[in-house]
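S.K.: Data: protein-v2.txt, compact mmCIF, C-alpha atoms and all ligand atoms.
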# COMPACT_ATOMS: atom_id res chain seq x y z
CA MET A 1 290.96 217.92 101.17
CA LYS A 2 288.70 216.95 98.30
CA GLN A 3 285.27 215.31 98.39
CA ILE A 4 284.92 211.54 98.18
CA ARG A 5 281.90 209.89 96.56
CA TYR A 6 281.12 206.18 96.07
CA SER A 7 278.02 204.51 94.66
CA ALA A 8 276.87 200.87 94.83
CA PRO A 9 273.89 198.90 93.45
CA GLY A 10 271.00 197.07 95.06
CA LYS A 11 270.47 193.36 94.40
CA VAL A 12 267.90 190.68 93.69
CA ILE A 13 268.34 187.17 95.09
CA LEU A 14 267.18 184.77 92.36
CA SER A 15 267.44 181.83 94.76
CA GLY A 16 269.10 180.88 98.03
CA GLU A 17 268.06 183.56 100.54
CA HIS A 18 268.03 182.27 104.12
CA ALA A 19 269.64 178.98 103.03
CA VAL A 20 272.81 181.01 102.39
CA VAL A 21 272.98 181.78 106.13
CA TYR A 22 273.33 177.98 106.62
CA GLY A 23 276.21 177.55 104.18
CA LYS A 24 274.11 176.83 101.09
CA PRO A 25 274.74 178.70 97.82
CA ALA A 26 272.78 181.68 96.54
CA ILE A 27 272.47 183.10 93.04
CA VAL A 28 272.16 186.86 93.11
CA CYS A 29 272.19 189.72 90.60
CA ALA A 30 272.98 193.40 91.12
CA ILE A 31 270.32 195.76 89.74
CA ASP A 32 270.38 199.20 88.18
CA LYS A 33 269.13 200.97 91.34
CA ARG A 34 272.00 202.65 93.16
CA LEU A 35 272.87 204.38 96.41
CA SER A 36 275.63 206.95 96.72
CA ILE A 37 277.34 208.78 99.54
CA THR A 38 279.46 211.93 99.33
CA PHE A 39 281.87 212.76 102.15
CA VAL A 40 282.90 216.39 102.46
CA PRO A 41 285.75 217.13 104.88
CA SER A 42 284.58 219.55 107.55
CA LYS A 43 285.59 221.08 110.92
CA LYS A 44 283.13 218.90 112.85
CA THR A 45 281.42 215.62 111.96
CA ILE A 46 277.66 215.95 111.73
CA TYR A 47 275.81 212.62 111.99
CA GLN A 48 272.34 212.49 110.47
CA ASP A 49 271.09 209.55 112.51
CA GLU A 50 271.95 207.40 115.54
CA ILE A 51 273.16 204.46 113.47
CA PHE A 52 275.91 206.28 111.61
CA PRO A 53 278.36 206.59 114.56
CA GLN A 54 278.07 202.79 115.02
CA LEU A 55 278.82 202.20 111.35
CA GLU A 56 281.77 204.56 111.57
CA LYS A 57 283.00 202.62 114.61
CA SER A 58 283.09 199.41 112.62
CA VAL A 59 285.37 201.07 110.02
CA VAL A 60 287.71 202.26 112.81
CA HIS A 61 287.62 198.77 114.36
CA PHE A 62 288.55 197.26 110.97
CA LEU A 63 291.49 199.68 110.63
CA LYS A 64 292.70 198.93 114.18
CA ILE A 65 292.60 195.16 113.61
CA ARG A 66 294.58 195.65 110.40
CA LYS A 67 297.09 197.83 112.31
CA GLU A 68 296.64 200.52 109.64
CA THR A 69 297.78 204.08 110.24
CA TYR A 70 294.71 206.33 110.06
CA LYS A 71 293.41 209.71 111.08
CA LYS A 72 289.74 210.12 112.01
CA MET A 73 288.94 213.17 109.87
CA ALA A 74 285.77 215.20 110.51
CA TYR A 75 283.19 215.25 107.73
CA ILE A 76 279.67 215.89 106.64
CA TYR A 77 277.94 213.49 104.25
CA PHE A 78 275.10 213.34 101.73
CA VAL A 79 273.24 210.18 100.76
CA GLU A 80 271.23 209.69 97.56
CA SER A 81 269.41 206.50 96.64
CA THR A 82 266.96 204.96 94.20
CA ILE A 83 266.94 201.59 96.02
CA PRO A 84 263.65 201.01 97.88
CA ILE A 85 264.38 200.76 101.63
CA GLY A 86 263.67 197.64 103.71
CA ARG A 87 262.05 195.65 100.89
CA GLY A 88 264.64 192.98 100.11
CA LEU A 89 266.55 194.85 97.40
CA GLY A 90 269.81 195.37 99.29
CA SER A 91 269.57 198.99 100.33
CA SER A 92 271.41 198.49 103.65
CA ALA A 93 274.11 196.39 101.96
CA ALA A 94 274.75 199.16 99.40
CA TYR A 95 274.84 201.63 102.32
CA CYS A 96 277.48 199.53 104.12
CA ALA A 97 279.49 199.19 100.89
CA VAL A 98 279.71 202.92 100.17
CA ILE A 99 280.28 203.97 103.79
CA SER A 100 283.10 201.42 104.11
CA ALA A 101 284.76 202.53 100.86
CA GLY A 102 284.33 206.23 101.63
CA LEU A 103 285.47 206.25 105.25
CA LEU A 104 288.40 203.89 104.62
CA GLU A 105 289.62 206.34 102.00
CA LEU A 106 288.90 209.44 104.11
CA PHE A 107 290.67 208.11 107.21
CA THR A 108 293.72 206.59 105.45
CA GLY A 109 294.09 208.88 102.44
CA LYS A 110 294.19 205.94 100.01
CA GLU A 111 291.80 203.94 97.86
CA TRP A 112 291.09 200.37 99.02
CA LYS A 113 290.68 197.17 97.01
CA LYS A 114 287.13 195.83 96.61
CA GLU A 115 288.05 192.61 98.43
CA GLU A 116 289.14 194.60 101.49
CA ILE A 117 286.19 196.98 101.37
CA ASN A 118 283.98 193.89 101.27
CA ILE A 119 285.47 192.53 104.52
CA CYS A 120 284.83 195.88 106.21
CA ALA A 121 281.29 196.16 104.74
CA TYR A 122 280.48 192.62 105.91
CA GLN A 123 281.42 193.49 109.50
CA MET A 124 279.33 196.64 109.19
CA GLU A 125 276.30 194.76 107.86
CA LYS A 126 276.38 192.67 111.00
CA TYR A 127 275.34 195.81 112.83
CA PHE A 128 272.03 195.55 110.91
CA HIS A 129 271.75 191.81 111.44
CA LYS A 130 274.30 189.77 113.26
CA ASN A 131 273.89 186.56 111.26
CA ALA A 132 274.42 188.20 107.87
CA SER A 133 275.86 185.76 105.32
CA GLY A 134 277.69 188.51 103.43
CA VAL A 135 275.88 187.77 100.16
CA ASP A 136 274.26 191.22 99.93
CA THR A 137 277.41 193.30 100.48
CA SER A 138 279.45 191.03 98.20
CA THR A 139 276.97 191.38 95.33
CA SER A 140 276.68 195.12 95.79
CA ILE A 141 280.45 195.54 95.72
CA MET A 142 281.21 193.12 92.86
CA GLY A 143 278.10 193.79 90.71
CA GLY A 144 276.75 191.40 88.04
CA LEU A 145 275.58 187.84 88.51
CA ILE A 146 277.13 186.25 91.59
CA TYR A 147 277.13 182.66 92.85
CA TYR A 148 277.88 182.96 96.55
CA ARG A 149 278.60 180.53 99.35
CA LYS A 150 279.84 181.15 102.86
CA GLU A 151 281.89 178.16 103.99
CA PHE A 152 283.14 179.68 107.24
CA GLU A 153 283.25 183.12 108.78
CA PHE A 154 286.74 183.50 107.24
CA LEU A 155 286.06 181.77 103.89
CA LYS A 156 283.50 182.85 101.33
CA THR A 157 283.32 181.88 97.68
CA ILE A 158 282.19 184.82 95.59
CA SER A 159 282.07 183.72 91.94
CA SER A 160 281.24 186.24 89.24
CA LEU A 161 279.53 184.07 86.63
CA SER A 162 280.88 184.24 83.10
CA PHE A 163 277.40 184.23 81.54
CA THR A 164 274.62 186.77 81.95
CA ILE A 165 270.90 186.24 82.60
CA PRO A 166 269.43 185.48 79.15
CA LYS A 167 267.84 188.53 77.55
CA GLN A 168 264.58 186.67 77.05
CA PHE A 169 264.40 186.04 80.84
CA VAL A 170 265.25 189.63 81.73
CA ASN A 171 262.52 190.86 79.39
CA SER A 172 260.00 188.61 81.13
CA LEU A 173 260.92 189.58 84.69
CA LEU A 174 259.31 192.20 86.87
CA LEU A 175 259.86 193.36 90.44
CA ILE A 176 256.50 193.64 92.18
CA ASP A 177 256.18 195.42 95.51
CA SER A 178 254.13 193.38 97.99
CA GLY A 179 254.74 196.16 100.55
CA LYS A 180 257.25 196.91 103.29
CA PRO A 181 257.61 193.99 105.72
CA GLU A 182 256.89 194.72 109.36
CA GLU A 183 259.96 192.68 110.35
CA THR A 184 263.58 193.53 109.61
CA THR A 185 265.81 191.07 107.71
CA GLY A 186 267.56 190.36 111.01
CA GLU A 187 264.25 189.38 112.63
CA MET A 188 263.36 187.12 109.69
CA VAL A 189 266.77 185.40 109.88
CA GLN A 190 266.23 184.97 113.62
CA ASN A 191 262.73 183.49 113.06
CA VAL A 192 264.16 180.92 110.65
CA GLY A 193 266.82 180.15 113.27
CA ILE A 194 264.14 179.48 115.89
CA LEU A 195 262.34 177.15 113.48
CA TYR A 196 265.66 175.43 112.69
CA ASN A 197 266.26 174.76 116.38
CA LYS A 198 262.72 173.43 116.83
CA GLU A 199 262.47 171.27 113.71
CA SER A 200 266.10 170.74 112.68
CA GLU A 201 265.63 167.73 110.41
CA LYS A 202 262.72 169.22 108.52
CA VAL A 203 264.37 172.60 108.04
CA GLU A 204 267.69 170.99 107.08
CA LYS A 205 265.84 169.10 104.33
CA THR A 206 264.21 172.30 103.11
CA MET A 207 267.61 174.02 103.01
CA ASN A 208 268.98 171.12 100.94
CA ASP A 209 266.03 171.43 98.58
CA ILE A 210 266.69 175.18 98.27
CA GLU A 211 270.28 174.35 97.30
CA LYS A 212 269.02 172.05 94.53
CA THR A 213 266.66 174.76 93.31
CA THR A 214 269.44 177.36 93.31
CA LYS A 215 271.64 175.10 91.20
CA ARG A 216 268.77 174.37 88.82
CA ILE A 217 268.10 178.08 88.40
CA VAL A 218 271.76 178.56 87.44
CA LEU A 219 271.48 175.70 84.93
CA SER A 220 268.22 177.05 83.50
CA MET A 221 269.99 180.35 82.77
CA MET A 222 273.02 178.64 81.25
CA LYS A 223 270.79 176.51 79.05
CA GLU A 224 268.43 179.41 78.36
CA ASP A 225 265.51 177.17 79.31
CA PRO A 226 262.58 179.36 80.43
CA SER A 227 260.29 176.53 81.54
CA PHE A 228 263.00 175.04 83.78
CA PHE A 229 263.55 178.54 85.19
CA GLU A 230 259.81 179.03 85.86
CA GLU A 231 259.52 175.59 87.48
CA ASN A 232 262.31 176.41 89.89
CA ILE A 233 261.04 179.90 90.70
CA ILE A 234 257.82 178.18 91.85
CA ASN A 235 259.81 175.58 93.83
CA ASN A 236 261.89 178.26 95.50
CA GLN A 237 258.77 180.18 96.53
CA LEU A 238 257.16 177.04 98.01
CA LEU A 239 260.33 176.25 99.98
CA LEU A 240 260.49 179.81 101.31
CA GLU A 241 256.84 179.48 102.37
CA LYS A 242 257.83 176.30 104.26
CA ILE A 243 260.40 178.17 106.35
CA GLY A 244 257.82 180.84 107.20
CA VAL A 245 259.19 183.93 105.47
CA VAL A 246 256.16 184.69 103.26
CA SER A 247 253.05 186.49 104.50
CA ASN A 248 249.50 185.43 103.73
CA SER A 249 248.83 188.63 101.82
CA THR A 250 251.86 187.96 99.58
CA LYS A 251 250.69 184.39 98.94
CA LYS A 252 247.27 185.79 98.08
CA LEU A 253 248.76 188.34 95.69
CA LEU A 254 250.75 185.63 93.88
CA PHE A 255 247.57 183.57 93.62
CA GLN A 256 245.60 186.52 92.25
CA ILE A 257 248.10 187.18 89.47
CA LYS A 258 248.97 183.56 88.77
CA LYS A 259 247.41 183.58 85.32
CA TYR A 260 250.10 186.07 84.27
CA GLY A 261 253.09 184.11 85.58
CA VAL A 262 255.03 182.86 88.58
CA GLY A 263 256.94 184.64 91.33
CA LYS A 264 258.96 184.37 94.49
CA ILE A 265 259.86 186.75 97.24
CA THR A 266 263.42 188.02 97.17
CA GLY A 267 265.55 188.77 100.25
CA GLY A 268 264.58 188.37 103.89
CA GLY A 269 260.81 188.35 103.23
CA GLY A 270 258.18 189.11 105.87
CA LYS A 271 255.53 187.07 107.65
CA ASN A 272 253.17 189.37 109.55
CA ASN A 273 252.12 191.77 106.87
CA SER A 274 254.00 192.16 103.59
CA SER A 275 257.10 190.41 102.24
CA GLY A 276 258.93 193.09 100.26
CA TYR A 277 259.63 192.73 96.54
CA ILE A 278 258.58 189.72 94.47
CA LEU A 279 260.60 188.57 91.47
CA PHE A 280 257.91 187.74 88.93
CA TYR A 281 258.31 185.88 85.62
CA SER A 282 255.60 186.47 83.06
CA ASP A 283 255.06 185.39 79.47
CA ASN A 284 252.72 188.30 79.05
CA LEU A 285 254.31 191.22 80.80
CA GLU A 286 252.08 193.87 79.24
CA LYS A 287 248.85 192.24 80.44
CA CYS A 288 250.43 191.60 83.82
CA LYS A 289 251.43 195.27 84.18
CA LYS A 290 247.87 196.37 83.27
CA GLU A 291 246.48 194.10 85.97
CA LEU A 292 248.93 195.45 88.55
CA ILE A 293 248.04 199.05 87.65
CA LYS A 294 244.35 198.14 88.01
CA ARG A 295 245.08 196.76 91.48
CA SER A 296 247.25 199.80 92.38
CA ILE A 297 250.26 197.57 93.00
CA SER A 298 253.59 199.17 92.23
CA PHE A 299 256.24 197.40 90.20
CA MET A 300 259.44 198.12 88.32
CA PRO A 301 261.42 196.41 85.58
CA PHE A 302 264.17 193.99 86.55
CA VAL A 303 267.33 195.49 85.08
CA PRO A 304 270.57 193.65 85.93
CA SER A 305 273.63 195.78 86.50
CA TYR A 306 277.17 194.71 85.89
CA ARG A 307 278.59 197.70 87.74
CA GLY A 308 279.38 197.09 91.39
CA LEU A 309 280.93 199.60 93.78
CA ILE A 310 282.22 202.66 91.90
CA LYS A 311 284.35 205.57 93.00
CA GLU A 312 282.54 208.58 91.55
CA LEU A 313 284.70 211.35 93.00
C1 LIG B 1 268.85 188.96 102.73
O1 LIG B 1 268.96 189.72 101.54
C2 LIG B 1 269.36 187.57 102.52
C3 LIG B 1 269.29 186.67 103.73
O2 LIG B 1 269.71 185.37 103.31
C4 LIG B 1 270.18 187.15 104.86
C5 LIG B 1 271.66 187.03 104.56
O3 LIG B 1 272.05 186.23 103.72
O4 LIG B 1 272.44 187.75 105.22
C6 LIG B 1 267.88 186.53 104.27
Have the structure of the file written as structure tokens, please.
Ligand code: MEV
M.R.:
Amino acid sequence: MKQIRYSAPGKVILSGEHAVVYGKPAIVCAIDKRLSITFVPSKKTIYQDEIFPQLEKSVVHFLKIRKETYKKMAYIYFVESTIPIGRGLGSSAAYCAVISAGLLELFTGKEWKKEEINICAYQMEKYFHKNASGVDTSTSIMGGLIYYRKEFEFLKTISSLSFTIPKQFVNSLLLIDSGKPEETTGEMVQNVGILYNKESEKVEKTMNDIEKTTKRIVLSMMKEDPSFFEENIINNQLLLEKIGVVSNSTKKLLFQIKKYGVGKITGGGGKNNSSGYILFYSDNLEKCKKELIKRSISFMPFVPSYRGLIKEL
């Protein structure tokens, strides 16, 4: 049997992380960093880590629930990725997307629709964190600019927006690495849950404010209004600070580079040490980059990608 290869992109949450776990919307964009997996049929399956058998199990579970005829073929696999790991850019979601697509095809001998792969990948992502909203896997599979809302476990609205992020915005955005968080996304989601249980009214209000910000960010892109966009990036960051997902060192970094622009963490964040990548908007990107180089802080351009999950082989 022939080899199977799928690739999928990472993502940047422009607004709505954490709130999306509580049924609020998120606006997310796939980026041009990708992860791919190649499955090569073999006599014996060789797993490269302890997690993989669990991920494989969730594909088999999905097939059983669907009462699909399948054969658990043996394989070896190769993973390649340019998505930074554990820093809020959707590396584990892209991993779940390509493993789901690849193993579904390997075990059933047919290609699956993106919608179905997404259901399987969502179940798989729950292995990484059980309260996953599904926003990361959905964006990785669909690609482009996605407005996402989880109404119920069985009902999610995944809207591919008809407009793109204005070129002027893209050219002013940078992804700055505040460092790898000590906590996993699952732990950060759990921490917000603990706060929610303790201070329900306050956190509920913050979540509602995040929803407003998310909608305003969408409008700022539609209207191509950079100052409205900047204003809401700041708001989003302050609201994320309120729910305790930003570390002191990340706040300090944003303060130190504030004369170059405004930023917010993207993804699960981190409290103890670093908070992963920061989405940073700057009117003077060149000066900002010079400053970051001087401070030995790594960064990369923000390049949206309109390609989601792709079958490569
Ligand atoms: C992580 O990229 C986004 C979170 O909202 C978790 C989730 O939605 O599953 C923090």
S.K.: Quick one: of A:Val203, A:Ala121, A:Leu174, A:Ile297, who's nearest to A:Phe62, counting all atoms listed in the file?
M.R.: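 Looking at the shortest contact to A:Phe62, the residue is A:Ala121.
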S.K.: To check your reading of the model: which residues sit at most 6 Å from ligand LIG 1 (chain B) when counting all atoms listed in the file? Write the answer as a VMD selection string.
M.R.: chain A and resid 17 to 18 20 to 21 88 132 to 136 189 267 to 268
S.K.: Of the candidates A:Ile141, A:Ile146, A:Leu173, A:Met1, which shows the shortest atom-to-atom distance to A:Lys43, using only C-alpha atoms?
M.R.: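 Checking each of A:Ile141, A:Ile146, A:Leu173, A:Met1 against A:Lys43, counting only C-alpha atoms, the winner is A:Met1.
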S.K.: So that I can see what lies close to A:Met73, please list as a PyMOL selection string the residues with an atom at most 7 Å from it, counting all atoms listed in the file and leaving out residues fewer than 2 positions away in the same chain.
M.R.: chain A and resi 71+75+106-107
S.K.: Please, could you write that set of residues out with C-alpha atoms as a PDB file, in the frame of the given file?
M.R.:
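Wrote it out as selection00.pdb, contents follow:
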ATOM      1  CA  LYS A  71     293.410 209.710 111.080  1.00  0.00           C
ATOM      2  CA  TYR A  75     283.190 215.250 107.730  1.00  0.00           C
ATOM      3  CA  LEU A 106     288.900 209.440 104.110  1.00  0.00           C
ATOM      4  CA  PHE A 107     290.670 208.110 107.210  1.00  0.00           C
TER       5      PHE A 107
END
S.K.: Could you give me, as a list in words, the residues within 8 Å of A:Arg5, counting all atoms listed in the file and dropping anything in the same chain fewer than 4 positions from it?
M.R.: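 Residues meeting the cut-off are Ser36, Ile37, Thr38, Phe39, Gly102, Lys311, Glu312 and Leu313 of chain A.
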S.K.: Interatomic distance between atom CA of A:Ser160 and atom CA of A:Phe302?
M.R.: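 So the answer is 18.9 Å.
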S.K.: So, with all atoms listed in the file as the atoms that count, which of A:Asn284, A:Ser178, A:Thr213, A:Gln123 lies closest to A:Gly270?
M.R.: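 Counting all atoms listed in the file, the residue closest to A:Gly270 is A:Ser178.
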S.K.: Using only C-alpha atoms, which protein or nucleic acid residues come within 9 Å of A:Cys29? Drop anything in the same chain fewer than 2 positions from it, and give the result as a count of residues only.
M.R.: 18
S.K.: Quick one, how far is atom CA of A:Gly16 from atom CA of A:Glu211?
M.R.: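 If I compute the distance from atom CA of A:Gly16 to atom CA of A:Glu211, I get 6.7 Å.
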S.K.: Using only C-alpha atoms, which of A:Ile243, A:Arg149, A:Lys24, A:Ser296 sits nearest A:Lys198?
M.R.: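 Of A:Ile243, A:Arg149, A:Lys24, A:Ser296, the one nearest A:Lys198 is A:Ile243, counting only C-alpha atoms.
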S.K.: Go through A:Gly86, A:Phe169, A:Tyr260, A:Thr185 and flag the residue nearest A:Lys130, using all atoms listed in the file for the distances.
M.R.: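 Among the listed residues, the smallest separation from A:Lys130 belongs to A:Thr185.
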S.K.: Would you mind listing what lies within 10 Å of A:Pro226 as a PyMOL selection string, with all atoms listed in the file counted and same-chain residues fewer than 5 positions away left out?
M.R.: chain A and resi 166+168-169+172+217+220-221+231-232+281+283
S.K.: When distances are computed from only C-alpha atoms, which of A:Thr206, A:Thr164, A:Gln48, A:Gln54 shows the smallest separation from A:Glu224?
M.R.: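 Ranking A:Thr206, A:Thr164, A:Gln48, A:Gln54 by distance to A:Glu224, first place goes to A:Thr164.
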S.K.: Quote the spacing between atom CA of A:Tyr122 and atom CA of A:Thr69 in Å to one decimal place.
M.R.: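 These atoms are spaced 21.2 Å apart.
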S.K.: Find the spatial neighbours of A:Gly193, counting only C-alpha atoms, within a cut-off of 12 Å - ignore same-chain residues fewer than 6 positions away - and output them as a compact mmCIF listing (two decimals) with C-alpha atoms, in the coordinates of the input.
M.R.:
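Writing done, so here's result_13.txt:
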# COMPACT_ATOMS: atom_id res chain seq x y z
CA HIS A 18 268.03 182.27 104.12
CA ALA A 19 269.64 178.98 103.03
CA VAL A 21 272.98 181.78 106.13
CA TYR A 22 273.33 177.98 106.62
CA ASN A 131 273.89 186.56 111.26
CA GLY A 186 267.56 190.36 111.01
CA GLU A 187 264.25 189.38 112.63
CA GLU A 199 262.47 171.27 113.71
CA SER A 200 266.10 170.74 112.68
CA VAL A 203 264.37 172.60 108.04
CA GLU A 204 267.69 170.99 107.08
CA MET A 207 267.61 174.02 103.01
CA ILE A 243 260.40 178.17 106.35
CA GLY A 244 257.82 180.84 107.20
CA VAL A 245 259.19 183.93 105.47
S.K.: Could you rebuild stretch 190-214 of chain A with N, CA, C and O atoms and give me the result as a compact mmCIF listing (two decimals), in the frame of the given file?
M.R.:
# COMPACT_ATOMS: atom_id res chain seq x y z
N GLN A 190 266.36 185.51 112.26
CA GLN A 190 266.23 184.97 113.62
C GLN A 190 265.03 183.99 113.70
O GLN A 190 265.14 182.92 114.30
N ASN A 191 263.91 184.36 113.05
CA ASN A 191 262.73 183.49 113.06
C ASN A 191 263.04 182.14 112.41
O ASN A 191 262.62 181.09 112.91
N VAL A 192 263.79 182.18 111.31
CA VAL A 192 264.16 180.92 110.65
C VAL A 192 265.07 180.11 111.59
O VAL A 192 264.93 178.89 111.70
N GLY A 193 265.93 180.81 112.31
CA GLY A 193 266.82 180.15 113.27
C GLY A 193 266.03 179.44 114.36
O GLY A 193 266.36 178.30 114.74
N ILE A 194 264.98 180.08 114.84
CA ILE A 194 264.14 179.48 115.89
C ILE A 194 263.48 178.21 115.36
O ILE A 194 263.48 177.16 116.00
N LEU A 195 262.97 178.31 114.10
CA LEU A 195 262.34 177.15 113.48
C LEU A 195 263.36 176.02 113.30
O LEU A 195 263.06 174.84 113.53
N TYR A 196 264.57 176.40 112.90
CA TYR A 196 265.66 175.43 112.69
C TYR A 196 265.94 174.66 113.98
O TYR A 196 266.08 173.44 113.98
N ASN A 197 265.98 175.40 115.10
CA ASN A 197 266.26 174.76 116.38
C ASN A 197 265.13 173.83 116.81
O ASN A 197 265.36 172.80 117.43
N LYS A 198 263.89 174.22 116.43
CA LYS A 198 262.72 173.43 116.83
C LYS A 198 262.57 172.19 115.97
O LYS A 198 262.25 171.12 116.46
N GLU A 199 262.74 172.38 114.64
CA GLU A 199 262.47 171.27 113.71
C GLU A 199 263.68 171.08 112.79
O GLU A 199 263.56 171.23 111.57
N SER A 200 264.82 170.77 113.40
CA SER A 200 266.10 170.74 112.68
C SER A 200 266.07 169.89 111.42
O SER A 200 266.47 170.33 110.34
N GLU A 201 265.58 168.65 111.55
CA GLU A 201 265.63 167.73 110.41
C GLU A 201 264.83 168.25 109.23
O GLU A 201 265.28 168.23 108.09
N LYS A 202 263.61 168.74 109.56
CA LYS A 202 262.72 169.22 108.52
C LYS A 202 263.31 170.44 107.80
O LYS A 202 263.33 170.53 106.58
N VAL A 203 263.83 171.37 108.63
CA VAL A 203 264.37 172.60 108.04
C VAL A 203 265.65 172.30 107.26
O VAL A 203 265.87 172.84 106.18
N GLU A 204 266.45 171.38 107.78
CA GLU A 204 267.69 170.99 107.08
C GLU A 204 267.33 170.45 105.69
O GLU A 204 267.98 170.78 104.69
N LYS A 205 266.27 169.66 105.62
CA LYS A 205 265.84 169.10 104.33
C LYS A 205 265.41 170.23 103.39
O LYS A 205 265.74 170.23 102.20
N THR A 206 264.66 171.17 103.95
CA THR A 206 264.21 172.30 103.11
C THR A 206 265.41 173.08 102.58
O THR A 206 265.44 173.47 101.41
N MET A 207 266.41 173.29 103.45
CA MET A 207 267.61 174.02 103.01
C MET A 207 268.31 173.26 101.88
O MET A 207 268.79 173.85 100.92
N ASN A 208 268.36 171.93 102.02
CA ASN A 208 268.98 171.12 100.94
C ASN A 208 268.19 171.24 99.65
O ASN A 208 268.77 171.31 98.56
N ASP A 209 266.87 171.28 99.78
CA ASP A 209 266.03 171.43 98.58
C ASP A 209 266.23 172.81 97.95
O ASP A 209 266.21 172.96 96.73
N ILE A 210 266.43 173.83 98.81
CA ILE A 210 266.69 175.18 98.27
C ILE A 210 268.00 175.16 97.48
O ILE A 210 268.11 175.73 96.39
N GLU A 211 268.99 174.44 98.01
CA GLU A 211 270.28 174.35 97.30
C GLU A 211 270.09 173.75 95.90
O GLU A 211 270.61 174.27 94.91
N LYS A 212 269.28 172.68 95.85
CA LYS A 212 269.02 172.05 94.53
C LYS A 212 268.37 173.05 93.59
O LYS A 212 268.72 173.17 92.43
N THR A 213 267.38 173.78 94.13
CA THR A 213 266.66 174.76 93.31
C THR A 213 267.61 175.84 92.80
O THR A 213 267.54 176.24 91.64
N THR A 214 268.49 176.31 93.69
CA THR A 214 269.44 177.36 93.31
C THR A 214 270.30 176.87 92.14
O THR A 214 270.49 177.58 91.15
